[in-house]
Amino acid sequence: MTAPHQDKPFIYAYVETADPSMLDLLPDPKQYSLKNYAIVAFRNDALNSHQFIHPQHRCLVDWFRSKFRSDGGGVLYKQFDPLDVKPALGSIVLLEPMDDYTGYRYRLYGSQVADTYGRDLTGRTSGQLNTEATRNVRPQYQAAARNNITVYTEHDLERTREPDKIARWDRWSRLILPLVDEEAKVKRILVSMVATEIPFNSV
């Protein structure tokens, strides 16, 4: 069974027109094995929580804006305290990229994400896993880290953990925020992943 078709590329974010200067910084969506996949990038200083529908994403953007310093290249990774973003905590994945940004280590793995995927990946590396899922998301994280930009994606994924004779699909919304050191080099990638069930009648 194929994934439900979506008329709009983004369901849970308002993106009127993509910034043309950002398009070359993003990976080609055609290289992914994802259904109804869409990706967009934002300049960090242009973020607004009203662009996003999920409260978890709004919470993170408001926190990011409160800590953002244009003269410092962004938000310092040492400023991140999970307790500052409690409404989003279960959806958060915190990544530590490797020096060349080819891979990353999971430093924090939210409970909601772990429940959906069926395991907690805290402490693991993308190289250790090397699954189709990690290969699909790695270029997204690389784009955010290498260019110090915010990346937002959506795609549809069939549920695999529920014993159901009828196929069920979720729309996954992923917000990717870069956190930097004092030299404006990205040292952490702060991600919020939210899954929303797609109604049967949308197929």
# chains A, B, ... in the order shown; residues from 1 in each chain; ligands from 1
call {"tool": "residues_around", "arguments": {"residues": "range 98-110 of chain A", "least_positions_apart": "2", "cutoff": "8 Å", "atoms": "only C-alpha atoms", "output": "PDB file with C-alpha atoms, in the first residue's frame"}}
result
ATOM      1  CA  LEU A  89      11.576  17.293  26.039  1.00  0.00           C
ATOM      2  CA  GLY A  90      10.019  13.988  25.000  1.00  0.00           C
ATOM      3  CA  SER A  91      10.429  14.853  21.304  1.00  0.00           C
ATOM      4  CA  ILE A  92      14.068  15.970  21.542  1.00  0.00           C
ATOM      5  CA  VAL A  93      17.132  14.250  20.149  1.00  0.00           C
ATOM      6  CA  LEU A  94      20.474  15.934  20.889  1.00  0.00           C
ATOM      7  CA  LEU A  95      23.324  14.984  18.558  1.00  0.00           C
ATOM      8  CA  GLU A  96      27.063  15.524  18.846  1.00  0.00           C
ATOM      9  CA  GLN A 112       8.422   9.907  22.933  1.00  0.00           C
ATOM     10  CA  VAL A 113      10.884   9.226  20.124  1.00  0.00           C
ATOM     11  CA  ALA A 114      12.171   6.096  21.906  1.00  0.00           C
ATOM     12  CA  ASP A 120      16.648   4.362  23.226  1.00  0.00           C
ATOM     13  CA  LEU A 121      19.721   5.258  21.154  1.00  0.00           C
ATOM     14  CA  THR A 122      21.482   7.415  23.757  1.00  0.00           C
ATOM     15  CA  GLY A 123      25.250   6.904  23.447  1.00  0.00           C
ATOM     16  CA  ARG A 124      25.065   5.175  20.070  1.00  0.00           C
ATOM     17  CA  THR A 125      26.601   6.563  16.894  1.00  0.00           C
ATOM     18  CA  SER A 126      25.142   6.804  13.409  1.00  0.00           C
ATOM     19  CA  GLY A 127      28.006   4.608  12.178  1.00  0.00           C
ATOM     20  CA  ARG A 138      22.245  12.104   7.961  1.00  0.00           C
ATOM     21  CA  GLN A 142      24.973  17.574   7.839  1.00  0.00           C
ATOM     22  CA  ALA A 145      25.795  21.551  10.924  1.00  0.00           C
ATOM     23  CA  ARG A 146      28.008  22.464   7.979  1.00  0.00           C
TER      24      ARG A 146
END
call {"tool": "residues_around", "arguments": {"residues": "Ala13 in chain A", "least_positions_apart": "4", "cutoff": "9 Å", "atoms": "only C-alpha atoms", "output": "list in words"}}
result
His50, Gln51, Phe52, Ile53, His54, Tyr152 and Ser173 of chain A
call {"tool": "write_last_selection", "arguments": {"atoms": "C-alpha atoms", "output": "PDB file, in the first residue's frame"}}
result
ATOM      1  CA  HIS A  50       4.437  31.163  14.604  1.00  0.00           C
ATOM      2  CA  GLN A  51       5.753  29.388  11.503  1.00  0.00           C
ATOM      3  CA  PHE A  52       5.234  26.038  13.220  1.00  0.00           C
ATOM      4  CA  ILE A  53       2.105  24.252  14.400  1.00  0.00           C
ATOM      5  CA  HIS A  54       3.453  21.662  16.846  1.00  0.00           C
ATOM      6  CA  TYR A 152      12.797  21.528   8.718  1.00  0.00           C
ATOM      7  CA  SER A 173       7.846  16.586  11.356  1.00  0.00           C
TER       8      SER A 173
END
call {"tool": "select_by_dssp", "arguments": {"residues": "range 10-132 of chain A", "states": "alpha helix (DSSP H)", "output": "list of chain:residue names"}}
result
A:Pro20, A:Ser21, A:Met22, A:Leu23, A:Pro55, A:Gln56, A:His57, A:Arg58, A:Cys59, A:Leu60, A:Val61, A:Asp62, A:Trp63, A:Phe64, A:Arg65, A:Ser66, A:Lys67, A:Ser111, A:Gln112, A:Val113, A:Ala114, A:Asp115, A:Thr116, A:Tyr117, A:Ser126, A:Gly127, A:Gln128, A:Leu129, A:Glu132
call {"tool": "write_last_selection", "arguments": {"atoms": "N, CA, C and O atoms", "output": "compact mmCIF listing (two decimals), in the first residue's frame"}}
result
# COMPACT_ATOMS: atom_id res chain seq x y z
N PRO A 20 15.63 31.30 -1.85
CA PRO A 20 16.44 30.73 -2.94
C PRO A 20 17.91 30.56 -2.57
O PRO A 20 18.56 29.62 -3.02
N SER A 21 18.43 31.44 -1.71
CA SER A 21 19.84 31.36 -1.34
C SER A 21 20.15 30.15 -0.47
O SER A 21 21.31 29.76 -0.32
N MET A 22 19.10 29.53 0.07
CA MET A 22 19.30 28.36 0.94
C MET A 22 19.20 27.04 0.20
O MET A 22 19.63 26.01 0.71
N LEU A 23 18.62 27.08 -0.99
CA LEU A 23 18.35 25.83 -1.70
C LEU A 23 19.60 25.03 -1.99
O LEU A 23 19.61 23.79 -1.89
N PRO A 55 3.39 22.36 19.20
CA PRO A 55 3.86 23.12 20.36
C PRO A 55 5.31 22.82 20.73
O PRO A 55 6.01 23.68 21.26
N GLN A 56 5.76 21.58 20.45
CA GLN A 56 7.14 21.24 20.75
C GLN A 56 8.10 22.10 19.91
O GLN A 56 9.12 22.58 20.40
N HIS A 57 7.76 22.28 18.63
CA HIS A 57 8.61 23.09 17.76
C HIS A 57 8.55 24.57 18.16
O HIS A 57 9.57 25.26 18.15
N ARG A 58 7.37 25.02 18.51
CA ARG A 58 7.25 26.42 18.94
C ARG A 58 8.08 26.67 20.20
O ARG A 58 8.72 27.71 20.35
N CYS A 59 8.04 25.74 21.12
CA CYS A 59 8.81 25.86 22.36
C CYS A 59 10.30 25.98 22.06
O CYS A 59 10.98 26.87 22.60
N LEU A 60 10.81 25.12 21.19
CA LEU A 60 12.25 25.15 20.87
C LEU A 60 12.64 26.43 20.15
O LEU A 60 13.70 27.01 20.41
N VAL A 61 11.80 26.88 19.22
CA VAL A 61 12.12 28.11 18.49
C VAL A 61 12.12 29.31 19.42
O VAL A 61 13.01 30.17 19.35
N ASP A 62 11.16 29.37 20.33
CA ASP A 62 11.14 30.48 21.30
C ASP A 62 12.40 30.45 22.17
O ASP A 62 12.98 31.50 22.46
N TRP A 63 12.79 29.26 22.61
CA TRP A 63 14.03 29.14 23.40
C TRP A 63 15.23 29.58 22.57
O TRP A 63 16.08 30.34 23.04
N PHE A 64 15.31 29.11 21.33
CA PHE A 64 16.42 29.42 20.44
C PHE A 64 16.53 30.93 20.22
O PHE A 64 17.62 31.51 20.31
N ARG A 65 15.42 31.57 19.97
CA ARG A 65 15.41 33.02 19.75
C ARG A 65 15.85 33.78 21.01
O ARG A 65 16.53 34.81 20.93
N SER A 66 15.48 33.26 22.17
CA SER A 66 15.83 33.94 23.42
C SER A 66 17.33 33.87 23.70
O SER A 66 17.87 34.72 24.42
N LYS A 67 18.00 32.87 23.15
CA LYS A 67 19.43 32.69 23.39
C LYS A 67 20.30 33.15 22.22
O LYS A 67 21.52 33.21 22.32
N SER A 111 11.94 10.49 25.25
CA SER A 111 11.12 9.32 25.57
C SER A 111 10.05 9.05 24.52
O SER A 111 9.76 7.89 24.19
N GLN A 112 9.45 10.10 23.95
CA GLN A 112 8.42 9.91 22.93
C GLN A 112 9.02 9.31 21.66
O GLN A 112 8.40 8.47 21.01
N VAL A 113 10.21 9.76 21.31
CA VAL A 113 10.88 9.23 20.12
C VAL A 113 11.27 7.78 20.37
O VAL A 113 11.09 6.91 19.51
N ALA A 114 11.79 7.47 21.56
CA ALA A 114 12.17 6.10 21.91
C ALA A 114 10.96 5.17 21.88
O ALA A 114 11.04 4.03 21.39
N ASP A 115 9.83 5.66 22.39
CA ASP A 115 8.61 4.84 22.40
C ASP A 115 8.16 4.52 20.97
O ASP A 115 7.72 3.40 20.68
N THR A 116 8.29 5.50 20.08
CA THR A 116 7.86 5.29 18.70
C THR A 116 8.78 4.32 17.97
O THR A 116 8.32 3.42 17.26
N TYR A 117 10.10 4.51 18.16
CA TYR A 117 11.06 3.65 17.46
C TYR A 117 11.30 2.32 18.17
O TYR A 117 11.85 1.39 17.59
N SER A 126 25.80 7.10 14.69
CA SER A 126 25.14 6.80 13.41
C SER A 126 25.89 5.71 12.66
O SER A 126 25.31 4.91 11.94
N GLY A 127 27.21 5.65 12.83
CA GLY A 127 28.01 4.61 12.18
C GLY A 127 27.70 3.23 12.72
O GLY A 127 27.70 2.25 11.98
N GLN A 128 27.45 3.13 14.01
CA GLN A 128 27.11 1.85 14.62
C GLN A 128 25.77 1.35 14.12
O GLN A 128 25.58 0.14 13.94
N LEU A 129 24.86 2.26 13.87
CA LEU A 129 23.53 1.87 13.43
C LEU A 129 23.50 1.62 11.93
O LEU A 129 23.15 0.54 11.48
N GLU A 132 18.69 2.29 7.28
CA GLU A 132 18.11 3.12 6.24
C GLU A 132 17.64 4.45 6.82
O GLU A 132 17.80 5.52 6.22
call {"tool": "residues_around", "arguments": {"residues": "Leu179 in chain A", "least_positions_apart": "2", "cutoff": "7 Å", "atoms": "only C-alpha atoms", "output": "PyMOL selection string"}}
result
chain A and resi 74-77+177+186-189
call {"tool": "write_last_selection", "arguments": {"atoms": "N, CA, C and O atoms", "output": "PDB file, in the first residue's frame"}}
result
ATOM      1  N   GLY A  74      25.261  32.531  16.686  1.00  0.00           N
ATOM      2  CA  GLY A  74      24.102  31.682  16.946  1.00  0.00           C
ATOM      3  C   GLY A  74      23.875  31.459  18.424  1.00  0.00           C
ATOM      4  O   GLY A  74      24.078  32.349  19.248  1.00  0.00           O
ATOM      5  N   VAL A  75      23.483  30.230  18.774  1.00  0.00           N
ATOM      6  CA  VAL A  75      23.199  29.850  20.158  1.00  0.00           C
ATOM      7  C   VAL A  75      24.305  28.922  20.646  1.00  0.00           C
ATOM      8  O   VAL A  75      24.584  27.891  20.014  1.00  0.00           O
ATOM      9  N   LEU A  76      24.935  29.283  21.763  1.00  0.00           N
ATOM     10  CA  LEU A  76      26.007  28.458  22.309  1.00  0.00           C
ATOM     11  C   LEU A  76      25.465  27.122  22.814  1.00  0.00           C
ATOM     12  O   LEU A  76      24.463  27.092  23.537  1.00  0.00           O
ATOM     13  N   TYR A  77      26.137  26.048  22.452  1.00  0.00           N
ATOM     14  CA  TYR A  77      25.653  24.720  22.835  1.00  0.00           C
ATOM     15  C   TYR A  77      25.687  24.531  24.352  1.00  0.00           C
ATOM     16  O   TYR A  77      24.892  23.776  24.916  1.00  0.00           O
ATOM     17  N   LEU A 177      17.937  22.303  14.736  1.00  0.00           N
ATOM     18  CA  LEU A 177      18.549  23.566  15.127  1.00  0.00           C
ATOM     19  C   LEU A 177      20.035  23.367  15.440  1.00  0.00           C
ATOM     20  O   LEU A 177      20.394  22.458  16.192  1.00  0.00           O
ATOM     21  N   VAL A 186      29.517  24.593  14.709  1.00  0.00           N
ATOM     22  CA  VAL A 186      28.409  23.802  15.238  1.00  0.00           C
ATOM     23  C   VAL A 186      28.946  22.594  16.003  1.00  0.00           C
ATOM     24  O   VAL A 186      29.687  21.780  15.463  1.00  0.00           O
ATOM     25  N   LYS A 187      28.561  22.513  17.275  1.00  0.00           N
ATOM     26  CA  LYS A 187      29.028  21.432  18.151  1.00  0.00           C
ATOM     27  C   LYS A 187      27.915  20.490  18.593  1.00  0.00           C
ATOM     28  O   LYS A 187      28.185  19.384  19.046  1.00  0.00           O
ATOM     29  N   ARG A 188      26.677  20.928  18.490  1.00  0.00           N
ATOM     30  CA  ARG A 188      25.537  20.075  18.797  1.00  0.00           C
ATOM     31  C   ARG A 188      24.435  20.360  17.782  1.00  0.00           C
ATOM     32  O   ARG A 188      24.347  21.456  17.222  1.00  0.00           O
ATOM     33  N   ILE A 189      23.596  19.363  17.567  1.00  0.00           N
ATOM     34  CA  ILE A 189      22.428  19.512  16.703  1.00  0.00           C
ATOM     35  C   ILE A 189      21.212  19.161  17.554  1.00  0.00           C
ATOM     36  O   ILE A 189      21.084  18.040  18.043  1.00  0.00           O
TER      37      ILE A 189
END
call {"tool": "atom_distance", "arguments": {"atom1": "CA of Ala46 in chain A", "atom2": "CA of Arg171 in chain A"}}
result
25.0 Å
